[in-house]
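**Student:** Handing over final-v7.txt, compact mmCIF, C-alpha atoms.
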# COMPACT_ATOMS: atom_id res chain seq x y z
CA MET A 296 66.06 163.56 -72.91
CA VAL A 297 62.43 163.39 -71.79
CA SER A 298 61.00 162.70 -68.36
CA ALA A 299 58.58 159.78 -68.47
CA LYS A 300 55.84 161.77 -66.73
CA LYS A 301 56.27 165.23 -68.26
CA ILE A 302 55.39 165.02 -71.94
CA ALA A 303 52.63 167.38 -73.08
CA ALA A 304 49.22 165.77 -73.51
CA LYS A 305 48.95 166.81 -77.13
CA ALA A 306 52.02 165.12 -78.55
CA PRO A 307 53.62 166.77 -81.60
CA PRO A 308 54.18 164.63 -84.71
CA ASP A 309 57.91 164.24 -84.05
CA ARG A 310 57.19 162.92 -80.53
CA ILE A 311 54.74 160.36 -81.92
CA GLU A 312 57.32 159.36 -84.52
CA GLN A 313 59.98 158.93 -81.83
CA VAL A 314 57.70 156.77 -79.69
CA LYS A 315 56.83 154.72 -82.77
CA TYR A 316 60.49 153.85 -83.30
CA LEU A 317 61.08 153.21 -79.61
CA LEU A 318 58.16 150.79 -79.54
CA ARG A 319 59.68 148.87 -82.43
CA SER A 320 63.39 149.27 -81.74
CA GLY A 321 63.58 149.37 -77.95
CA GLU A 322 64.73 146.40 -75.92
CA GLY A 323 61.15 145.61 -74.91
CA ALA A 324 60.23 145.13 -78.57
CA ARG A 325 62.60 142.17 -78.79
CA ALA A 326 61.11 140.59 -75.67
CA LEU A 327 57.49 141.34 -76.53
CA PRO A 328 56.68 138.35 -78.78
CA LEU A 329 57.99 135.95 -76.15
CA VAL A 330 57.20 137.56 -72.80
CA CYS A 331 53.79 139.11 -73.40
CA ASP A 332 51.92 135.85 -73.72
CA ARG A 333 49.57 134.52 -71.07
CA TRP A 334 50.75 130.92 -71.18
CA VAL A 335 54.44 131.77 -71.31
CA LEU A 336 54.12 133.88 -68.16
CA LEU A 337 52.24 131.11 -66.34
CA ILE A 338 54.73 128.45 -67.42
CA LEU A 339 57.60 130.58 -66.12
CA ARG A 340 55.71 131.20 -62.87
CA ASP A 341 55.43 127.47 -62.31
CA ALA A 342 58.98 126.74 -63.43
CA PHE A 343 60.23 129.07 -60.69
CA LEU A 344 57.93 127.29 -58.23
CA GLY A 345 59.42 123.90 -59.08
CA ALA A 346 57.17 122.47 -61.80
CA ARG A 347 59.10 120.27 -64.20
CA ARG A 348 56.75 117.91 -66.04
CA PHE A 349 54.25 118.51 -68.80
CA GLU A 350 51.24 117.31 -66.79
CA ASP A 351 52.16 119.56 -63.88
CA PHE A 352 52.33 122.60 -66.16
CA ARG A 353 49.04 121.62 -67.80
CA ARG A 354 47.21 121.24 -64.49
CA LEU A 355 48.62 124.35 -62.85
CA THR A 356 48.16 126.72 -65.80
CA GLY A 357 44.88 125.33 -67.11
CA ALA A 358 46.26 125.43 -70.66
CA ALA A 359 45.03 123.05 -73.36
CA ARG A 360 47.55 120.37 -74.30
CA GLY A 361 48.21 121.76 -77.76
CA THR A 362 48.66 125.30 -76.43
CA LEU A 363 51.02 124.11 -73.70
CA ALA A 364 53.11 122.02 -76.11
CA ASP A 365 53.41 125.02 -78.45
CA ARG A 366 54.56 127.39 -75.68
CA LEU A 367 57.05 124.91 -74.23
CA THR A 368 58.56 124.51 -77.69
CA THR A 369 58.70 128.29 -78.05
CA LEU A 370 60.54 128.64 -74.74
CA ILE A 371 62.99 125.87 -75.66
CA ASP A 372 63.68 127.44 -79.06
CA ALA A 373 64.25 130.80 -77.34
CA GLY A 374 66.77 129.23 -74.96
CA VAL A 375 64.67 129.93 -71.85
CA LEU A 376 63.94 126.27 -71.04
CA TYR A 377 65.69 123.03 -71.86
CA ARG A 378 64.18 119.57 -71.97
CA GLY A 379 65.86 116.49 -70.54
CA SER A 380 64.83 112.96 -69.68
CA THR A 381 63.96 112.14 -66.09
CA THR A 382 66.08 109.88 -63.93
CA ASP A 383 63.34 107.28 -63.49
CA THR A 384 62.66 106.69 -67.18
CA PRO A 385 64.26 108.02 -70.38
CA THR A 386 60.85 108.27 -72.09
CA ARG A 387 59.59 110.96 -69.72
CA PHE A 388 60.87 114.51 -69.87
CA GLU A 389 61.41 117.44 -67.56
CA TYR A 390 61.54 121.11 -68.47
CA ARG A 391 64.06 123.24 -66.60
CA LEU A 392 65.16 126.86 -66.70
CA THR A 393 68.38 127.80 -68.46
CA ASP A 394 70.58 130.71 -67.33
CA LYS A 395 68.56 132.87 -69.70
CA GLY A 396 65.39 131.63 -68.05
CA MET A 397 66.76 132.28 -64.57
CA GLY A 398 67.50 135.81 -65.76
CA PHE A 399 63.73 136.28 -65.98
CA TYR A 400 63.48 136.13 -62.18
CA PRO A 401 63.43 139.92 -61.57
CA ILE A 402 60.41 140.17 -63.90
CA ALA A 403 58.68 137.40 -61.98
CA LEU A 404 59.44 139.15 -58.69
CA ALA A 405 58.11 142.48 -60.00
CA LEU A 406 54.86 140.83 -61.10
CA TRP A 407 54.66 138.92 -57.80
CA ASN A 408 55.03 142.22 -55.97
CA TRP A 409 52.33 143.88 -58.05
CA GLU A 410 49.99 140.93 -57.61
CA SER A 411 50.50 140.98 -53.84
CA ARG A 412 49.38 144.59 -53.76
CA TRP A 413 46.59 144.69 -56.32
CA ALA A 414 45.16 141.19 -56.91
CA GLY A 415 41.67 140.61 -55.60
CA GLU A 416 39.31 138.12 -57.18
CA PHE A 417 42.00 135.57 -58.06
CA GLY A 418 43.56 135.54 -54.60
CA LEU A 419 46.86 136.83 -53.34
CA PRO A 420 50.06 134.87 -53.98
CA PRO A 421 51.87 133.34 -50.99
CA ARG A 422 54.43 135.45 -49.23
CA LEU A 423 58.10 135.15 -50.08
CA VAL A 424 60.81 134.56 -47.47
CA HIS A 425 64.37 135.77 -47.97
CA ARG A 426 66.49 133.00 -46.47
CA GLU A 427 69.55 135.24 -46.09
CA CYS A 428 67.85 137.42 -43.48
CA GLY A 429 64.88 135.19 -42.58
CA LYS A 430 62.35 137.99 -43.18
CA ILE A 431 59.27 138.24 -45.37
CA LEU A 432 60.51 139.56 -48.70
CA ARG A 433 59.13 142.52 -50.61
CA PRO A 434 61.56 142.78 -53.53
CA ILE A 435 62.47 146.27 -54.73
CA LEU A 436 63.92 147.14 -58.12
CA VAL A 437 66.74 149.64 -57.55
CA CYS A 438 69.42 151.38 -59.57
CA ALA A 439 72.57 149.24 -59.53
CA HIS A 440 74.70 152.41 -59.29
CA CYS A 441 73.05 154.39 -56.49
CA ASN A 442 70.72 151.78 -54.93
CA ARG A 443 67.72 154.13 -55.24
CA PRO A 444 64.33 152.46 -56.01
CA VAL A 445 63.13 152.94 -59.58
CA ASP A 446 60.69 155.82 -59.96
CA PRO A 447 59.25 156.80 -63.37
CA ARG A 448 59.58 160.49 -62.43
CA GLU A 449 63.33 159.99 -62.08
CA MET A 450 63.87 158.20 -65.39
CA SER A 451 64.60 159.79 -68.75
CA PHE A 452 64.82 158.12 -72.12
CA GLU A 453 66.17 158.74 -75.59
CA PRO A 454 66.75 156.66 -78.73
CA GLY A 455 69.95 154.66 -78.76
CA PRO A 456 72.17 153.70 -81.71
CA GLY A 457 69.92 150.72 -82.46
CA ALA A 458 66.83 152.89 -82.99
CA ARG A 459 65.53 152.86 -86.59
CA ILE A 460 67.91 150.01 -87.41
CA TYR A 461 66.37 147.06 -85.63
CA ALA A 462 62.59 147.04 -85.94
CA ALA A 463 60.42 144.33 -84.45
CA LYS A 464 57.47 143.32 -86.60
CA TYR A 465 54.25 142.93 -84.69
CA ASN A 466 52.15 140.00 -85.71
CA GLN A 467 48.84 141.53 -86.70
CA GLU A 468 47.12 138.17 -86.44
CA ARG A 469 45.86 137.64 -82.95
CA ARG A 470 46.47 134.27 -81.38
CA ARG A 471 43.40 132.45 -80.27
CA ARG A 472 42.85 133.25 -76.60
CA ASP A 473 42.01 129.96 -74.94
CA ASN A 474 39.76 130.34 -71.95
CA PRO A 475 41.81 129.19 -68.95
CA ASP A 476 40.55 126.25 -66.96
CA THR A 477 39.96 127.27 -63.35
CA GLY A 478 39.04 123.85 -62.01
CA SER A 479 40.74 121.84 -59.32
CA GLY A 480 44.51 122.09 -59.41
CA VAL A 481 44.70 125.30 -61.45
CA ASP A 482 46.72 127.95 -59.65
CA THR A 483 45.00 131.30 -60.24
CA THR A 484 47.63 133.39 -58.47
CA MET A 485 49.24 135.86 -60.89
CA PHE A 486 46.16 135.71 -63.13
CA HIS A 487 45.48 139.43 -62.66
CA SER A 488 48.90 140.59 -63.85
CA VAL A 489 48.94 137.94 -66.57
CA ASP A 490 45.56 139.14 -67.86
CA ILE A 491 47.19 142.56 -68.41
CA LEU A 492 50.78 141.87 -69.49
CA GLY A 493 49.99 138.50 -71.06
CA ASP A 494 48.59 140.30 -74.11
CA ARG A 495 51.02 142.08 -76.41
CA TRP A 496 48.63 144.86 -77.43
CA SER A 497 47.70 145.68 -73.84
CA ALA A 498 51.39 145.76 -72.95
CA LEU A 499 52.09 148.12 -75.86
CA VAL A 500 49.25 150.46 -74.84
CA LEU A 501 50.75 150.68 -71.35
CA THR A 502 54.18 151.36 -72.86
CA THR A 503 52.86 154.27 -74.94
CA LEU A 504 51.42 155.74 -71.73
CA PHE A 505 54.76 155.26 -69.97
CA PHE A 506 56.30 157.19 -72.88
CA GLY A 507 53.80 160.00 -72.33
CA LEU A 508 51.20 159.67 -75.09
CA HIS A 509 47.63 160.13 -73.85
CA ARG A 510 45.26 160.68 -76.73
CA TYR A 511 43.56 157.93 -78.69
CA ASP A 512 44.85 159.06 -82.09
CA SER A 513 48.41 159.54 -80.83
CA ILE A 514 48.46 156.09 -79.21
CA GLY A 515 47.02 154.44 -82.31
CA GLU A 516 49.43 156.18 -84.66
CA ALA A 517 52.48 155.29 -82.58
CA MET A 518 51.43 151.64 -82.25
CA GLY A 519 50.15 151.17 -85.80
CA ILE A 520 47.20 149.30 -84.37
CA ALA A 521 43.72 148.73 -85.82
CA THR A 522 41.13 150.99 -84.19
CA ASN A 523 38.91 148.11 -83.05
CA ILE A 524 41.83 146.40 -81.29
CA LEU A 525 42.92 149.63 -79.63
CA ALA A 526 39.40 150.38 -78.41
CA ASP A 527 39.10 146.85 -77.02
CA ARG A 528 42.41 147.04 -75.14
CA LEU A 529 41.59 150.45 -73.69
CA ARG A 530 38.29 149.05 -72.41
CA ARG A 531 40.11 146.12 -70.80
CA LEU A 532 42.66 148.35 -69.11
CA LEU A 533 39.93 150.70 -67.87
CA ALA A 534 38.02 147.74 -66.45
CA ALA A 535 41.20 146.49 -64.75
CA GLY A 536 41.67 149.89 -63.10
CA VAL A 537 45.17 150.49 -64.46
CA ILE A 538 44.17 153.48 -66.59
CA GLU A 539 41.55 156.21 -66.33
CA GLN A 540 39.79 158.57 -68.74
CA ARG A 541 39.93 162.35 -68.52
CA LEU A 542 37.57 164.44 -70.63
CA TYR A 543 39.39 167.15 -72.59
CA GLN A 544 36.66 168.04 -75.12
CA GLU A 545 32.91 168.03 -74.62
CA ARG A 546 31.49 168.30 -78.15
CA PRO A 547 32.04 165.69 -79.32
CA PRO A 548 33.28 164.06 -76.09
CA ARG A 549 36.95 163.16 -76.34
CA PHE A 550 39.15 161.63 -73.68
CA GLU A 551 42.77 161.31 -72.72
CA TYR A 552 44.05 158.18 -71.02
CA TYR A 553 46.27 158.27 -67.96
CA LEU A 554 47.82 155.62 -65.76
CA THR A 555 46.33 155.20 -62.30
CA PRO A 556 48.56 154.42 -59.29
CA LYS A 557 47.79 150.77 -60.02
CA GLY A 558 49.01 151.24 -63.58
CA TRP A 559 52.17 153.11 -62.59
CA ASP A 560 52.93 150.25 -60.21
CA LEU A 561 53.54 148.06 -63.29
CA TYR A 562 56.50 150.27 -64.22
CA PRO A 563 59.11 148.13 -62.38
CA ALA A 564 57.94 145.06 -64.30
CA THR A 565 58.30 146.82 -67.65
CA ILE A 566 61.76 148.12 -66.72
CA ALA A 567 62.74 144.59 -65.64
CA ILE A 568 61.63 143.32 -69.07
CA HIS A 569 63.80 146.01 -70.68
CA ASP A 570 66.79 144.92 -68.55
CA TRP A 571 66.27 141.25 -69.38
CA ALA A 572 66.06 141.89 -73.11
CA ALA A 573 69.14 144.17 -73.01
CA THR A 574 71.11 141.33 -71.42
CA TRP A 575 69.75 138.27 -73.19
CA ILE A 576 68.48 139.57 -76.57
CA PRO A 577 70.95 142.35 -77.40
CA SER A 578 70.79 144.14 -80.73
CA PRO A 579 73.98 144.02 -82.86
CA ALA A 580 73.43 147.71 -83.60
CA GLY A 581 73.43 148.67 -79.93
CA PRO A 582 70.55 149.59 -77.63
CA GLY A 583 67.44 150.97 -79.24
CA LEU A 584 66.34 152.68 -76.05
CA LYS A 585 68.70 154.39 -73.62
CA LEU A 586 67.39 154.88 -70.10
CA ARG A 587 69.09 157.23 -67.66
CA HIS A 588 68.60 157.44 -63.92
CA LYS A 589 68.50 161.18 -63.21
CA PRO A 590 69.42 161.13 -59.48
CA CYS A 591 72.83 159.57 -60.15
CA GLY A 592 73.23 160.46 -63.83
CA HIS A 593 74.19 156.92 -64.88
CA GLY A 594 72.66 154.88 -67.65
CA TRP A 595 70.01 152.68 -66.07
CA ARG A 596 70.98 149.27 -64.82
CA GLY A 597 68.67 147.61 -62.34
CA ARG A 598 68.83 144.90 -59.72
CA MET A 599 66.35 143.39 -57.29
CA ILE A 600 67.12 143.71 -53.57
CA CYS A 601 65.48 142.58 -50.35
CA ASP A 602 63.61 145.43 -48.66
CA LYS A 603 64.73 144.20 -45.23
CA CYS A 604 68.47 143.52 -45.59
CA GLY A 605 69.24 145.33 -48.84
CA THR A 606 71.12 142.43 -50.47
CA ALA A 607 70.55 141.33 -54.05
CA VAL A 608 67.84 138.68 -54.36
CA ASP A 609 69.07 135.30 -55.57
CA PRO A 610 66.30 132.90 -56.65
CA HIS A 611 68.07 130.08 -54.80
CA CYS A 612 67.74 132.06 -51.55
CA VAL A 613 63.99 132.68 -51.70
CA GLY A 614 61.41 130.44 -50.08
CA LEU A 615 57.62 130.49 -49.73
CA LYS A 616 55.29 130.96 -46.82
CA PRO A 617 52.16 129.50 -48.41
CA SER A 618 48.65 129.10 -47.06
CA ALA A 619 47.07 125.66 -46.69
CA ASN A 620 44.56 126.49 -49.44
CA TRP A 621 47.30 127.50 -51.88
CA LEU A 622 49.24 124.30 -51.19
CA ALA A 623 46.10 122.23 -51.69
CA THR A 624 45.48 123.91 -55.04
CA ARG A 625 49.05 123.35 -56.20
CA LYS A 626 48.75 119.65 -55.31
CA GLY A 627 45.46 119.30 -57.19
CA ARG A 628 43.23 118.90 -54.15
CA LYS A 629 40.02 120.80 -53.55
CA SER A 630 40.88 123.67 -51.25
CA ARG A 631 38.94 124.45 -48.09
CA GLN A 632 37.64 127.87 -47.28
CA ALA A 633 39.83 129.56 -44.71
If you convert what's in this file into structure tokens, what do you get?

**Tutor:**
Amino acid sequence: MVSAKKIAAKAPPDRIEQVKYLLRSGEGARALPLVCDRWVLLILRDAFLGARRFEDFRRLTGAARGTLADRLTTLIDAGVLYRGSTTDTPTRFEYRLTDKGMGFYPIALALWNWESRWAGEFGLPPRLVHRECGKILRPILVCAHCNRPVDPREMSFEPGPGARIYAAKYNQERRRRDNPDTGSGVDTTMFHSVDILGDRWSALVLTTLFFGLHRYDSIGEAMGIATNILADRLRRLLAAGVIEQRLYQERPPRFEYYLTPKGWDLYPATIAIHDWAATWIPSPAGPGLKLRHKPCGHGWRGRMICDKCGTAVDPHCVGLKPSANWLATRKGRKSRQA
């Protein structure tokens, strides 16, 4: 097994080949086409916050009508949402989370946590309140066996029985990236994390770094990505401050790419995606990626707990402590400066 932070910078060919199969056969690969999409993440954000109707999703996300209709259909087909008629009229519909959709909650909490720490220009999300203890909630992803918070230095990985059998096919055609509307009523909270993980190529670049590849050629070979797309995503991640360059050769100048503390702080979200896919999109051949928690020696299984009382976080037991400006935005009113 290999520690997530201790792979040599110059990866040997067999290491690149292993990462290539893990990227395509791991649990995250099955979730990638659905989860790593800007509009899907924003729809799920609003579904957890109580949005139900098409017009509410359209206003809060800023998505074009056609884009929103397409993503809602995708989520229904994937079993994450279901559509039913409203009680006031059978010709109007509501979109609600299924059990599979509710299983996405740890991912939403991990992104909420990251956004609360690192978001700047788009504004911080409102604080969460854990009703069971009455305290402000900072959710923590812990090992379900030993209750120790997840730490990439304490995780090891290896291919599982599903590696090389199930292989996700990446769609080389990029979806048109609609420019989000940021007018009145659009909720820009979570935009920072969505800008990063709401793009499948950016998410894959981060995953290769979590697996320990650092050099441009190694990353590109493992991902099977066009050089212009890889260069673009590296520029975006550098600009977002989640990765940094380190010069390892002067003539010609060549760089390695490493995660910053801000980038490593996305690790719980990626592990939560792995857990969700392992539960809700299992491979018939068995897991493609086996994670082990080194402190307790068990295969990884995570759960979200409250940092104050230590109990598992149930979405029905979490409330909000929002600001007046955030509430005004959610209701479609022009917010006042605090």

**Student:** Please provide as a PyMOL selection string all residues within 10 Å of Gly581 in chain A, with the sequence filter that same-chain residues fewer than 3 positions apart are discarded (counting all atoms listed in the file).

**Tutor:** chain A and resi 322+455-458+460-461+573+577-578+584-585

**Student:** Range 546-557 of chain A: which residues within 7 Å, counting all atoms listed in the file, same-chain residues fewer than 6 positions away excluded, as a list of chain:residue names?

**Tutor:** A:Leu504, A:His509, A:Arg510, A:Tyr511, A:Gly536, A:Val537, A:Ile538, A:Glu539, A:Gln540

**Student:** Just to be explicit: take each residue in the selection above, keep C-alpha atoms, and write the result as a CSV table (one decimal), in the frame of the given file.

**Tutor:**
chain,number,residue,atom,x,y,z
A,504,LEU,CA,51.4,155.7,-71.7
A,509,HIS,CA,47.6,160.1,-73.8
A,510,ARG,CA,45.3,160.7,-76.7
A,511,TYR,CA,43.6,157.9,-78.7
A,536,GLY,CA,41.7,149.9,-63.1
A,537,VAL,CA,45.2,150.5,-64.5
A,538,ILE,CA,44.2,153.5,-66.6
A,539,GLU,CA,41.6,156.2,-66.3
A,540,GLN,CA,39.8,158.6,-68.7

**Student:** Taking the point (51.2, 157.8, -81.6) as given in the file, collect each protein or nucleic acid residue that comes within 8 Å of it, counting only C-alpha atoms, and present the set as a PDB file with C-alpha atoms, keeping the file's coordinate frame.

**Tutor:**
ATOM      1  CA  ALA A 306      52.020 165.120 -78.550  1.00  0.00           C
ATOM      2  CA  ARG A 310      57.190 162.920 -80.530  1.00  0.00           C
ATOM      3  CA  ILE A 311      54.740 160.360 -81.920  1.00  0.00           C
ATOM      4  CA  GLU A 312      57.320 159.360 -84.520  1.00  0.00           C
ATOM      5  CA  VAL A 314      57.700 156.770 -79.690  1.00  0.00           C
ATOM      6  CA  LYS A 315      56.830 154.720 -82.770  1.00  0.00           C
ATOM      7  CA  THR A 503      52.860 154.270 -74.940  1.00  0.00           C
ATOM      8  CA  LEU A 508      51.200 159.670 -75.090  1.00  0.00           C
ATOM      9  CA  ASP A 512      44.850 159.060 -82.090  1.00  0.00           C
ATOM     10  CA  SER A 513      48.410 159.540 -80.830  1.00  0.00           C
ATOM     11  CA  ILE A 514      48.460 156.090 -79.210  1.00  0.00           C
ATOM     12  CA  GLY A 515      47.020 154.440 -82.310  1.00  0.00           C
ATOM     13  CA  GLU A 516      49.430 156.180 -84.660  1.00  0.00           C
ATOM     14  CA  ALA A 517      52.480 155.290 -82.580  1.00  0.00           C
ATOM     15  CA  MET A 518      51.430 151.640 -82.250  1.00  0.00           C
ATOM     16  CA  GLY A 519      50.150 151.170 -85.800  1.00  0.00           C
TER      17      GLY A 519
END

**Student:** Expressed in Å to a single decimal, how great is the separation between CA of Trp407 in chain A and CA of Asp490 in chain A?

**Tutor:**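 CA of Asp490 in chain A lies at a distance of 13.6 Å from CA of Trp407 in chain A.
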
**Student:** When you draw a straight line from CA of Ile402 in chain A to CA of Ile568 in chain A, how long is it in Å?

**Tutor:**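 We find that CA of Ile402 in chain A and CA of Ile568 in chain A lie 6.2 Å from each other.
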